[in-house]
>>> print(open('run11.txt').read())   # compact mmCIF, C-alpha atoms
# COMPACT_ATOMS: atom_id res chain seq x y z
CA MET A 138 74.53 123.22 94.29
CA ILE A 139 77.01 120.71 95.71
CA ARG A 140 74.35 118.02 96.12
CA HIS A 141 73.96 117.61 92.37
CA GLY A 142 75.14 114.62 90.36
CA TYR A 143 77.13 116.71 87.87
CA VAL A 144 79.02 118.33 90.77
CA THR A 145 79.39 115.41 93.14
CA GLY A 146 80.48 112.91 90.47
CA PRO A 147 83.34 114.96 88.98
CA ALA A 148 84.46 116.17 92.43
CA LEU A 149 84.68 112.68 93.91
CA GLY A 150 86.17 111.29 90.68
CA GLY A 151 88.94 113.89 90.67
CA LEU A 152 89.76 113.48 94.34
CA TRP A 153 89.69 109.69 94.08
CA LEU A 154 92.07 109.63 91.12
CA ILE A 155 94.50 111.83 93.06
CA VAL A 156 94.44 109.29 95.89
CA LEU A 157 94.99 106.35 93.53
CA SER A 158 97.68 108.02 91.41
CA VAL A 159 99.71 108.82 94.53
CA THR A 160 99.21 105.28 95.84
CA VAL A 161 100.13 103.54 92.58
CA ALA A 162 103.10 105.85 91.95
CA VAL A 163 104.53 105.14 95.39
CA ALA A 164 103.88 101.40 95.06
CA MET A 165 105.49 101.22 91.61
CA SER A 166 108.50 103.29 92.73
CA PHE A 167 109.08 101.02 95.73
CA GLY A 168 108.41 97.83 93.80
CA THR A 169 110.49 98.52 90.69
CA GLY A 170 113.01 101.12 91.82
CA GLU A 171 112.09 103.25 88.80
CA ALA A 172 110.71 106.78 88.59
CA PHE A 173 106.92 107.18 88.89
CA ARG A 174 105.39 110.51 89.87
CA PRO A 175 101.72 111.45 90.35
CA SER A 176 100.40 114.61 88.72
CA VAL A 177 97.83 116.26 90.97
CA MET A 178 96.39 118.58 88.34
CA LEU A 179 96.14 115.92 85.63
CA SER A 180 94.67 113.46 88.15
CA LEU A 181 92.05 115.99 89.15
CA LEU A 182 91.20 116.71 85.49
CA TRP A 183 91.04 113.07 84.33
CA GLY A 184 89.15 111.99 87.43
CA ALA A 185 86.60 114.78 87.08
CA VAL A 186 85.98 113.85 83.44
CA ALA A 187 85.59 110.17 84.33
CA GLY A 188 83.24 111.00 87.20
CA GLY A 189 81.11 113.21 84.98
CA VAL A 190 80.94 110.53 82.27
CA MET A 191 79.83 107.89 84.80
CA VAL A 192 77.09 110.16 86.12
CA ALA A 193 75.87 111.13 82.64
CA LEU A 194 76.10 107.76 80.87
CA GLY A 195 75.79 105.34 83.79
CA ARG A 196 78.17 102.68 85.00
CA SER A 197 77.67 100.02 82.35
CA PRO A 198 80.57 97.76 81.25
CA THR A 199 80.82 99.76 78.02
CA VAL A 200 81.30 103.04 79.90
CA GLN A 201 83.82 101.43 82.24
CA ALA A 202 85.77 100.00 79.28
CA GLY A 203 85.79 103.41 77.59
CA ILE A 204 87.16 105.11 80.74
CA PHE A 205 89.77 102.39 81.12
CA ILE A 206 90.96 102.74 77.52
CA GLY A 207 91.00 106.54 77.72
CA SER A 208 92.98 106.44 80.94
CA MET A 209 95.47 103.99 79.42
CA VAL A 210 95.97 106.19 76.36
CA GLY A 211 96.56 109.24 78.52
CA LEU A 212 99.01 107.45 80.80
CA LEU A 213 101.04 105.92 77.96
CA SER A 214 101.12 109.18 76.03
CA GLY A 215 102.55 111.12 78.97
CA ILE A 216 99.52 113.32 79.67
CA GLY A 217 97.84 111.05 82.23
CA PRO A 218 97.51 111.29 86.01
CA MET A 219 100.83 109.48 86.59
CA LEU A 220 104.09 110.43 84.92
CA VAL A 221 107.09 108.16 84.43
CA GLY A 222 110.77 108.95 84.16
CA PRO A 223 112.62 108.85 80.82
CA ASP A 224 114.63 105.79 81.85
CA THR A 225 111.64 103.77 83.03
CA SER A 226 111.29 100.43 81.24
CA GLY A 227 108.40 99.85 78.89
CA PHE A 228 107.10 96.89 80.87
CA ALA A 229 107.00 98.91 84.11
CA SER A 230 105.25 101.80 82.35
CA VAL A 231 102.56 99.56 80.85
CA PHE A 232 102.06 97.64 84.09
CA GLY A 233 101.71 100.88 86.09
CA ALA A 234 99.21 102.24 83.56
CA ILE A 235 97.11 99.06 83.69
CA LEU A 236 97.22 98.99 87.49
CA LEU A 237 96.12 102.61 87.87
CA SER A 238 93.46 102.51 85.16
CA ALA A 239 91.92 99.23 86.33
CA SER A 240 91.92 100.15 90.02
CA PHE A 241 90.37 103.55 89.23
CA VAL A 242 87.51 102.19 87.13
CA VAL A 243 86.78 99.28 89.48
CA SER A 244 86.79 101.41 92.65
CA LEU A 245 85.06 104.54 91.30
CA THR A 246 82.04 102.53 90.13
CA PRO A 247 80.79 101.61 93.65
CA ILE A 248 81.60 105.09 94.97
CA LEU A 249 79.26 106.68 92.44
CA LYS A 250 76.66 103.91 92.36
CA GLU A 251 73.88 106.11 93.86
CA VAL A 252 74.90 109.38 92.16
CA VAL A 253 72.33 110.36 89.53
CA PRO A 254 72.41 113.16 86.91
CA GLY A 255 69.92 115.35 88.78
CA ALA A 256 69.74 116.68 92.30
CA LEU A 257 70.75 114.27 95.04
CA ASN A 258 68.92 113.74 98.27
CA ARG A 259 70.82 113.73 101.51
CA HIS A 260 71.08 109.93 101.66
CA GLU A 261 72.55 109.64 98.16
CA PHE A 262 75.05 112.46 98.66
CA GLU A 263 76.24 111.33 102.10
CA GLY A 264 76.44 107.72 100.92
CA ALA A 265 78.81 108.68 98.08
CA VAL A 266 80.97 110.81 100.39
CA ILE A 267 81.12 108.06 103.02
CA ARG A 268 82.15 105.47 100.43
CA PHE A 269 84.89 107.82 99.20
CA LEU A 270 86.15 108.46 102.74
CA THR A 271 86.02 104.74 103.53
CA GLY A 272 88.15 103.91 100.52
CA PHE A 273 90.57 106.71 101.36
CA GLY A 274 90.82 105.46 104.94
CA TYR A 275 91.61 101.91 103.83
CA ILE A 276 94.34 103.12 101.50
CA PHE A 277 95.82 105.67 103.91
CA PHE A 278 96.04 103.43 106.97
CA THR A 279 97.22 100.46 104.91
CA ALA A 280 99.97 102.62 103.43
CA ILE A 281 101.25 103.99 106.74
CA VAL A 282 101.47 100.43 108.08
CA LEU A 283 102.82 98.60 105.03
CA ILE A 284 105.27 101.15 103.61
CA PRO A 285 107.60 101.26 106.66
CA PHE A 286 107.42 97.46 106.96
CA TYR A 287 108.12 97.03 103.25
CA VAL A 288 111.11 99.39 103.39
CA MET A 289 112.40 97.53 106.44
CA VAL A 290 112.10 94.11 104.80
CA MET A 291 113.58 95.20 101.45
CA THR A 292 116.51 96.93 103.14
CA SER A 293 117.26 93.80 105.17
CA LEU A 294 117.55 91.78 101.94
CA LYS A 295 120.21 94.00 100.37
CA ASN A 296 123.97 94.06 100.72
CA GLN A 297 126.15 97.00 101.64
CA SER A 298 127.19 97.88 98.09
CA GLU A 299 123.56 98.06 96.91
CA LEU A 300 122.61 100.36 99.78
CA ILE A 301 125.54 102.67 99.10
CA GLN A 302 124.85 102.74 95.36
CA ASN A 303 121.16 103.70 95.73
CA PRO A 304 119.71 103.93 99.24
CA LEU A 305 116.23 104.71 97.84
CA ASP A 306 116.00 101.62 95.63
CA PHE A 307 113.72 99.20 97.46
CA SER A 308 113.45 96.59 94.72
CA ILE A 309 115.26 93.26 95.08
CA ASP A 310 116.95 90.82 92.74
CA LEU A 311 115.24 87.46 93.26
CA SER A 312 117.95 85.66 91.26
CA LYS A 313 120.24 85.84 94.29
CA GLY A 314 118.25 83.12 96.02
CA ALA A 315 119.41 82.28 99.55
CA GLU A 316 121.99 85.08 99.37
CA LEU A 317 119.13 87.51 100.02
CA PHE A 318 118.88 86.24 103.61
CA ARG A 319 122.56 86.65 104.40
CA SER A 320 121.87 89.39 106.97
CA TYR A 321 119.52 87.12 108.91
CA ASP A 322 122.03 84.30 108.94
CA GLU A 323 124.75 86.62 110.23
CA LEU A 324 122.51 87.94 112.99
CA PHE A 325 122.10 84.45 114.43
CA THR A 326 125.66 83.24 113.81
CA GLN A 327 127.62 86.39 114.66
CA PHE A 328 125.35 88.63 116.74
CA ASN A 329 123.77 86.11 119.13
CA PHE A 330 120.18 86.88 118.12
CA GLY A 331 119.01 83.40 119.10
CA THR A 332 119.79 84.26 122.72
CA TYR A 333 117.99 87.60 122.42
CA LEU A 334 114.88 85.88 121.08
CA PHE A 335 114.91 83.32 123.88
CA ASN A 336 115.41 86.00 126.53
CA SER A 337 112.57 88.16 125.20
CA PHE A 338 110.21 85.20 124.91
CA SER A 339 111.01 83.93 128.40
CA ILE A 340 110.69 87.35 130.01
CA SER A 341 107.44 88.10 128.17
CA VAL A 342 105.85 84.78 129.17
CA LEU A 343 106.91 85.19 132.82
CA THR A 344 105.57 88.75 132.78
CA VAL A 345 102.20 87.47 131.57
CA PHE A 346 101.96 84.87 134.35
CA ILE A 347 103.07 87.26 137.10
CA THR A 348 100.71 89.96 135.85
CA LEU A 349 97.73 87.61 135.77
CA ALA A 350 98.61 86.22 139.21
CA PHE A 351 98.23 89.70 140.70
CA ALA A 352 95.66 91.20 138.35
CA ILE A 353 93.01 88.45 138.56
CA PRO A 354 92.45 88.56 142.34
CA GLY A 355 92.89 92.34 142.39
CA ALA A 356 90.38 92.93 139.60
CA TYR A 357 87.93 90.46 141.14
CA ALA A 358 88.17 92.19 144.51
CA VAL A 359 87.45 95.59 142.96
CA ALA A 360 84.57 94.22 140.88
CA ARG A 361 82.86 91.98 143.43
CA LEU A 362 83.94 92.66 147.02
CA ARG A 363 82.96 95.59 149.23
CA PHE A 364 85.76 97.24 151.24
CA ARG A 365 86.76 100.70 152.37
CA GLY A 366 88.51 102.69 149.65
CA ARG A 367 87.25 100.43 146.88
CA ALA A 368 85.98 103.26 144.68
CA ALA A 369 89.17 105.31 145.12
CA PHE A 370 91.34 102.30 144.34
CA SER A 371 89.28 101.52 141.23
CA ARG A 372 89.68 105.07 139.93
CA SER A 373 93.39 105.29 140.72
CA ILE A 374 94.49 102.05 139.06
CA LEU A 375 95.83 103.79 135.97
CA LEU A 376 97.42 106.73 137.80
CA ILE A 377 100.83 105.12 137.32
CA TYR A 378 100.52 105.84 133.60
CA MET A 379 100.28 109.56 134.35
CA VAL A 380 103.92 109.45 135.46
CA PRO A 381 106.28 109.12 132.45
CA MET A 382 108.60 106.14 132.70
CA ILE A 383 111.59 108.37 132.01
CA VAL A 384 110.88 110.12 135.34
CA LEU A 385 111.10 106.78 137.17
CA ALA A 386 114.17 105.64 135.25
CA LEU A 387 116.79 107.12 137.58
CA PRO A 388 115.21 105.87 140.86
CA ILE A 389 114.78 102.40 139.34
CA TYR A 390 118.39 102.38 138.13
CA ILE A 391 119.71 103.44 141.56
CA ALA A 392 117.53 100.95 143.44
CA PHE A 393 118.46 98.06 141.16
CA SER A 394 122.15 98.95 141.31
CA MET A 395 122.12 99.02 145.13
CA THR A 396 120.27 95.71 145.41
CA GLY A 397 122.33 93.91 142.75
CA LEU A 398 119.36 93.43 140.43
CA ARG A 399 120.73 95.54 137.60
CA ASN A 400 122.00 93.56 134.63
CA SER A 401 120.10 90.46 135.74
CA PHE A 402 117.37 88.38 134.16
CA TRP A 403 115.26 88.34 137.31
CA GLY A 404 115.53 92.09 137.77
CA ILE A 405 113.82 92.60 134.42
CA VAL A 406 111.21 89.98 135.30
CA MET A 407 110.47 91.87 138.52
CA ILE A 408 110.13 95.34 136.99
CA TYR A 409 108.14 94.55 133.85
CA PRO A 410 104.96 93.47 135.72
CA VAL A 411 104.98 96.84 137.50
CA THR A 412 104.18 98.44 134.15
CA THR A 413 101.60 95.85 133.08
CA ILE A 414 99.62 95.04 136.24
CA PRO A 415 97.70 98.37 136.31
CA VAL A 416 96.38 98.04 132.77
CA ALA A 417 95.56 94.37 133.34
CA LEU A 418 93.65 95.29 136.50
CA TYR A 419 91.73 97.95 134.64
CA MET A 420 90.80 95.67 131.77
CA LEU A 421 89.79 92.71 133.91
CA GLN A 422 87.70 94.61 136.45
CA GLY A 423 85.47 95.92 133.68
CA TYR A 424 84.98 92.41 132.36
CA PHE A 425 84.32 90.90 135.81
CA ARG A 426 81.66 93.53 136.45
CA GLY A 427 79.93 92.42 133.27
CA LEU A 428 79.62 88.80 134.41
CA PRO A 429 76.29 87.86 136.03
CA GLY A 430 76.78 87.84 139.80
CA GLU A 431 73.98 85.30 140.26
CA VAL A 432 76.18 82.51 138.86
CA GLU A 433 78.86 83.14 141.47
CA GLU A 434 76.27 83.46 144.25
CA ALA A 435 74.87 80.08 143.27
CA GLY A 436 78.35 78.61 143.61
CA LEU A 437 78.75 80.11 147.07
CA MET A 438 75.38 78.72 148.13
CA ASP A 439 76.51 75.28 146.94
CA GLY A 440 79.38 75.41 149.41
CA LEU A 441 82.24 76.63 147.23
CA SER A 442 84.78 78.99 148.76
CA ARG A 443 85.44 82.36 147.19
CA LEU A 444 88.69 81.08 145.64
CA ALA A 445 86.90 78.02 144.28
CA VAL A 446 84.25 80.25 142.72
CA ILE A 447 86.94 82.29 141.01
CA TRP A 448 88.76 79.17 139.77
CA LYS A 449 85.76 77.09 138.67
CA ILE A 450 83.25 79.74 137.58
CA THR A 451 84.72 83.18 137.01
CA LEU A 452 87.89 82.25 135.16
CA PRO A 453 86.22 79.84 132.67
CA LEU A 454 83.69 82.55 131.85
CA SER A 455 86.51 85.10 131.47
CA LEU A 456 88.68 83.26 128.95
CA PRO A 457 88.21 85.89 126.19
CA ALA A 458 89.26 88.65 128.58
CA LEU A 459 92.19 86.64 129.90
CA ALA A 460 93.35 85.94 126.35
CA SER A 461 93.17 89.62 125.38
CA VAL A 462 94.96 90.75 128.54
CA SER A 463 97.66 88.10 128.10
CA LEU A 464 98.23 89.14 124.50
CA TYR A 465 98.38 92.81 125.43
CA VAL A 466 100.80 92.20 128.32
CA PHE A 467 102.96 89.97 126.13
CA MET A 468 103.22 92.70 123.49
CA ILE A 469 104.15 95.31 126.09
CA ALA A 470 106.91 93.11 127.52
CA TRP A 471 108.14 92.04 124.08
CA ASN A 472 108.44 95.62 122.79
CA GLU A 473 109.72 97.29 125.98
CA PHE A 474 112.99 99.11 125.39
CA LEU A 475 113.73 101.81 127.97
CA LEU A 476 114.09 99.58 131.04
CA ALA A 477 116.01 96.94 129.11
CA PHE A 478 118.38 99.57 127.69
CA MET A 479 118.91 101.09 131.12
CA LEU A 480 119.31 97.93 133.20
CA LEU A 481 121.06 95.46 130.87
CA ASP A 482 124.75 95.68 129.92
CA ASP A 483 125.66 92.02 129.49
CA PRO A 484 125.00 90.90 125.86
CA SER A 485 124.12 87.40 127.07
CA LYS A 486 121.13 88.89 128.95
CA PHE A 487 119.93 91.30 126.25
CA THR A 488 116.30 91.25 125.22
CA LEU A 489 115.46 91.55 121.54
CA THR A 490 114.89 95.32 121.64
CA ARG A 491 118.14 95.83 123.54
CA GLY A 492 119.96 93.65 121.04
CA ILE A 493 118.57 95.63 118.11
CA ALA A 494 119.75 98.86 119.76
CA SER A 495 123.26 97.42 119.87
CA LEU A 496 123.14 97.15 116.05
CA ASN A 497 122.61 100.90 115.68
CA SER A 498 126.27 101.61 115.06
CA SER A 499 128.29 103.05 112.21
CA GLU A 500 130.40 99.88 112.30
CA ILE A 501 127.43 97.59 111.62
CA PRO A 502 125.73 97.61 108.17
CA ARG A 503 122.26 99.08 108.08
CA GLN A 504 120.76 95.91 106.60
CA HIS A 505 121.57 94.07 109.84
CA LEU A 506 119.62 96.64 111.85
CA MET A 507 116.65 96.25 109.50
CA ALA A 508 116.88 92.45 109.65
CA GLY A 509 116.84 92.62 113.44
CA SER A 510 113.77 94.85 113.30
CA VAL A 511 112.01 92.32 111.05
CA ILE A 512 112.86 89.51 113.47
CA ALA A 513 111.39 91.52 116.34
CA THR A 514 108.26 92.55 114.42
CA VAL A 515 107.14 89.40 112.59
CA PRO A 516 106.56 87.08 115.62
CA ILE A 517 104.48 89.62 117.53
CA MET A 518 102.58 90.55 114.36
CA ALA A 519 101.78 86.89 113.66
CA LEU A 520 100.71 86.38 117.28
CA PHE A 521 98.46 89.42 117.20
CA LEU A 522 96.82 88.50 113.88
CA GLY A 523 96.28 84.92 115.07
CA LEU A 524 94.70 85.92 118.39
CA GLU A 525 93.13 89.24 117.38
CA ARG A 526 89.60 87.87 117.61
CA PHE A 527 90.16 86.95 121.28
CA MET A 528 91.53 90.40 122.00
CA THR A 529 88.51 92.03 120.38
CA LYS A 530 86.10 89.87 122.40
CA GLY A 531 87.95 90.55 125.62
CA LEU A 532 88.02 94.29 125.11
CA THR A 533 84.35 94.62 124.19
CA ALA A 534 82.63 91.86 126.19
CA GLY A 535 82.80 93.79 129.46
CA SER A 536 81.56 97.05 127.96
CA VAL A 537 77.90 96.14 128.57
CA LYS A 538 76.95 94.84 131.95
CA GLY A 539 75.18 91.50 131.84
>>> encode(input="run11.txt", output="structure tokens")
Amino acid sequence: MIRHGYVTGPALGGLWLIVLSVTVAVAMSFGTGEAFRPSVMLSLLWGAVAGGVMVALGRSPTVQAGIFIGSMVGLLSGIGPMLVGPDTSGFASVFGAILLSASFVVSLTPILKEVVPGALNRHEFEGAVIRFLTGFGYIFFTAIVLIPFYVMVMTSLKNQSELIQNPLDFSIDLSKGAELFRSYDELFTQFNFGTYLFNSFSISVLTVFITLAFAIPGAYAVARLRFRGRAAFSRSILLIYMVPMIVLALPIYIAFSMTGLRNSFWGIVMIYPVTTIPVALYMLQGYFRGLPGEVEEAGLMDGLSRLAVIWKITLPLSLPALASVSLYVFMIAWNEFLLAFMLLDDPSKFTLTRGIASLNSSEIPRQHLMAGSVIATVPIMALFLGLERFMTKGLTAGSVKG
């Protein structure tokens, strides 16, 4: 029976050690540049034994220490869940063994905390499975986010000879000091990246203000006012996103070329809000509907005009939503590439994404492209992490009508 401690414990232990051995092997390979390889069969065997021991003998410090020591012996003797190459240094081998053994013992203990030697009830079994899946989810989604970013950063800190010698070595030599950041210095001194940053920031900020200027009254009208076609307009706000931007690319290019707006700063500022106003309208109307209408009615009864009610009552109450919409619009404008690539030819008017695309050339070293990608990613990542709580409030506050 699967809902039995002596089945659940070994099964989850084996699967969990597979997850950790793959994770640690990848991390050690990236971090040291040396050969680490997970063994699925040995991981399954060692993990199953450890899981069975924890179920049978409990999860006391003595049992945990015994599993840790046994895992270390297996890893260092070459019959453990993670194998190392013949040229791997002793320090890296020992460090990888300690990292895998310690993380396995520490993390398996809470996973199996409710698993007993006998039959498990539904709560105990599902709790153990959920804890396993939660841990796997944390590791998996962290890996798919951090690994590309790590590769990008490490590549940007190398020189051309190192990349040619071993493109898959993502370790760095810290003894180089400031020489590690040579690619970043060259981007600003030789490739005009300071101008690209300024252009992207200016365009993104203007896009936010223009979007809010149209989206706030539009969303308020849909949420509060009664007019013919209101329901149809509310449902059709996001219809523009059903049309791929690539389909609109040629008409936009022709129209901007005929009107002289192509290859101009203000042309980009005009077209970006077209892509952001619908989503801003959609987000804000849901939030405005969640605000208590009695507060605004009281303002109207006190003699305030409709615009004064919006300015003095609605907007102060909507700051979380406005912050989340502003952040979302800023990220869209900052990361937009297709329109900038299509409409901008003058390097002095390039946005950051357009400037990075210009680095994708066989004549430009790959580390410069990666350095440009880091420059484009870090500011928006820092902005998102700093304001994430406002975005979360703004996205969820209007979900329940007040």
>>> closest_residue(input="run11.txt", among="A:Phe393, A:Phe205, A:Phe328, A:Trp471", to="Ser495 (chain A)", atoms="only C-alpha atoms")
A:Phe328
>>> atom_distance(input="run11.txt", atom1="CA of Ala148 (chain A)", atom2="CA of Ala185 (chain A)")
5.9 Å
>>> atom_distance(input="run11.txt", atom1="CA of Ile405 (chain A)", atom2="CA of Ile383 (chain A)")
16.1 Å
>>> residues_around(input="run11.txt", residues="Ala202 (chain A)", least_positions_apart="4", cutoff="12 Å", atoms="all atoms listed in the file", output="compact mmCIF listing (two decimals) with C-alpha atoms, in the coordinates of the input")
# COMPACT_ATOMS: atom_id res chain seq x y z
CA ALA A 187 85.59 110.17 84.33
CA VAL A 190 80.94 110.53 82.27
CA MET A 191 79.83 107.89 84.80
CA ARG A 196 78.17 102.68 85.00
CA SER A 197 77.67 100.02 82.35
CA PRO A 198 80.57 97.76 81.25
CA ILE A 206 90.96 102.74 77.52
CA GLY A 207 91.00 106.54 77.72
CA SER A 208 92.98 106.44 80.94
CA MET A 209 95.47 103.99 79.42
CA SER A 238 93.46 102.51 85.16
CA ALA A 239 91.92 99.23 86.33
CA PHE A 241 90.37 103.55 89.23
CA VAL A 242 87.51 102.19 87.13
CA VAL A 243 86.78 99.28 89.48
CA THR A 246 82.04 102.53 90.13
>>> residues_near_point(input="run11.txt", point="(98.4, 94.1, 136.0)", cutoff="12 Å", atoms="all atoms listed in the file", output="VMD selection string")
chain A and resid 344 to 356 374 to 375 377 408 to 422 459 462 to 463 465 to 467 469
>>> residues_around(input="run11.txt", residues="Glu433 (chain A)", least_positions_apart="2", cutoff="10 Å", atoms="only C-alpha atoms", output="list in words")
Arg361, Leu428, Pro429, Gly430, Glu431, Ala435, Gly436, Leu437, Met438, Asp439, Leu441, Arg443, Ala445, Val446, Ile447, Lys449, Ile450 and Thr451 of chain A
>>> closest_residue(input="run11.txt", among="A:Ser461, A:Ser455, A:Ser180, A:Ser166", to="Gly233 (chain A)", atoms="all atoms listed in the file")
A:Ser166
>>> atom_distance(input="run11.txt", atom1="CA of Tyr378 (chain A)", atom2="CA of Val342 (chain A)")
22.2 Å
>>> residues_around(input="run11.txt", residues="Ser308 (chain A)", least_positions_apart="5", cutoff="10 Å", atoms="all atoms listed in the file", output="MDAnalysis selection string")
chainID A and resid 165:171 288 291:292 294:295
>>> write_last_selection(input="run11.txt", atoms="C-alpha atoms", output="CSV table (one decimal), in the frame of the given file")
chain,number,residue,atom,x,y,z
A,165,MET,CA,105.5,101.2,91.6
A,166,SER,CA,108.5,103.3,92.7
A,167,PHE,CA,109.1,101.0,95.7
A,168,GLY,CA,108.4,97.8,93.8
A,169,THR,CA,110.5,98.5,90.7
A,170,GLY,CA,113.0,101.1,91.8
A,171,GLU,CA,112.1,103.2,88.8
A,288,VAL,CA,111.1,99.4,103.4
A,291,MET,CA,113.6,95.2,101.4
A,292,THR,CA,116.5,96.9,103.1
A,294,LEU,CA,117.6,91.8,101.9
A,295,LYS,CA,120.2,94.0,100.4
>>> residues_near_point(input="run11.txt", point="(121.4, 85.3, 119.6)", cutoff="12 Å", atoms="only C-alpha atoms", output="PyMOL selection string")
chain A and resi 321-337+484-489+491-493+509+512
>>> residues_around(input="run11.txt", residues="Ser320 (chain A)", least_positions_apart="4", cutoff="7 Å", atoms="all atoms listed in the file", output="list in words")
Ser293, Leu324, Gln504, His505 and Ala508 of chain A
>>> write_last_selection(input="run11.txt", atoms="C-alpha atoms", output="JSON list (two decimals), in the frame of the given file")
[["chain", "number", "residue", "atom", "x", "y", "z"],
["A", 293, "SER", "CA", 117.26, 93.80, 105.17],
["A", 324, "LEU", "CA", 122.51, 87.94, 112.99],
["A", 504, "GLN", "CA", 120.76, 95.91, 106.60],
["A", 505, "HIS", "CA", 121.57, 94.07, 109.84],
["A", 508, "ALA", "CA", 116.88, 92.45, 109.65]]
>>> closest_residue(input="run11.txt", among="A:Leu194, A:Leu270, A:Leu257, A:Leu179", to="Gly211 (chain A)", atoms="all atoms listed in the file")
A:Leu179
>>> closest_residue(input="run11.txt", among="A:Ala392, A:Ala386, A:Arg174, A:Val282", to="Phe478 (chain A)", atoms="only C-alpha atoms")
A:Ala386
>>> residues_around(input="run11.txt", residues="Leu212 (chain A)", least_positions_apart="5", cutoff="10 Å", atoms="only C-alpha atoms", output="CSV table (one decimal) with C-alpha atoms, in the frame of the given file")
chain,number,residue,atom,x,y,z
A,206,ILE,CA,91.0,102.7,77.5
A,207,GLY,CA,91.0,106.5,77.7
A,217,GLY,CA,97.8,111.0,82.2
A,218,PRO,CA,97.5,111.3,86.0
A,219,MET,CA,100.8,109.5,86.6
A,220,LEU,CA,104.1,110.4,84.9
A,221,VAL,CA,107.1,108.2,84.4
A,230,SER,CA,105.2,101.8,82.4
A,231,VAL,CA,102.6,99.6,80.8
A,233,GLY,CA,101.7,100.9,86.1
A,234,ALA,CA,99.2,102.2,83.6
A,235,ILE,CA,97.1,99.1,83.7
A,237,LEU,CA,96.1,102.6,87.9
A,238,SER,CA,93.5,102.5,85.2
>>> closest_residue(input="run11.txt", among="A:Gly195, A:Gly523, A:Gly274, A:Gly227", to="Leu213 (chain A)", atoms="all atoms listed in the file")
A:Gly227
>>> build_atoms(input="run11.txt", residues="region 487-498 of chain A", atoms="N, CA and C atoms", output="short mmCIF file (atom, residue, chain, number, x, y, z; two decimals), in the coordinates of the input")
data_model
loop_
_atom_site.label_atom_id
_atom_site.label_comp_id
_atom_site.auth_asym_id
_atom_site.auth_seq_id
_atom_site.Cartn_x
_atom_site.Cartn_y
_atom_site.Cartn_z
N PHE A 487 120.70 90.33 127.02
CA PHE A 487 119.93 91.30 126.25
C PHE A 487 118.58 90.72 125.83
N THR A 488 117.56 91.58 125.88
CA THR A 488 116.30 91.25 125.22
C THR A 488 116.42 91.62 123.75
N LEU A 489 115.38 91.32 122.99
CA LEU A 489 115.46 91.55 121.54
C LEU A 489 115.58 93.04 121.23
N THR A 490 114.80 93.88 121.91
CA THR A 490 114.89 95.32 121.64
C THR A 490 116.25 95.87 122.03
N ARG A 491 116.80 95.38 123.13
CA ARG A 491 118.14 95.83 123.54
C ARG A 491 119.19 95.35 122.55
N GLY A 492 119.02 94.16 122.02
CA GLY A 492 119.96 93.65 121.04
C GLY A 492 119.91 94.43 119.74
N ILE A 493 118.70 94.83 119.33
CA ILE A 493 118.57 95.63 118.11
C ILE A 493 119.23 96.99 118.29
N ALA A 494 119.10 97.57 119.49
CA ALA A 494 119.75 98.86 119.76
C ALA A 494 121.26 98.75 119.62
N SER A 495 121.81 97.60 119.97
CA SER A 495 123.26 97.42 119.87
C SER A 495 123.72 97.38 118.41
N LEU A 496 122.80 97.16 117.47
CA LEU A 496 123.14 97.15 116.05
C LEU A 496 123.18 98.54 115.45
N ASN A 497 122.67 99.52 116.19
CA ASN A 497 122.61 100.90 115.68
C ASN A 497 123.97 101.55 115.84
N SER A 498 124.89 101.14 114.99
CA SER A 498 126.27 101.61 115.06
C SER A 498 126.79 101.83 113.66
#
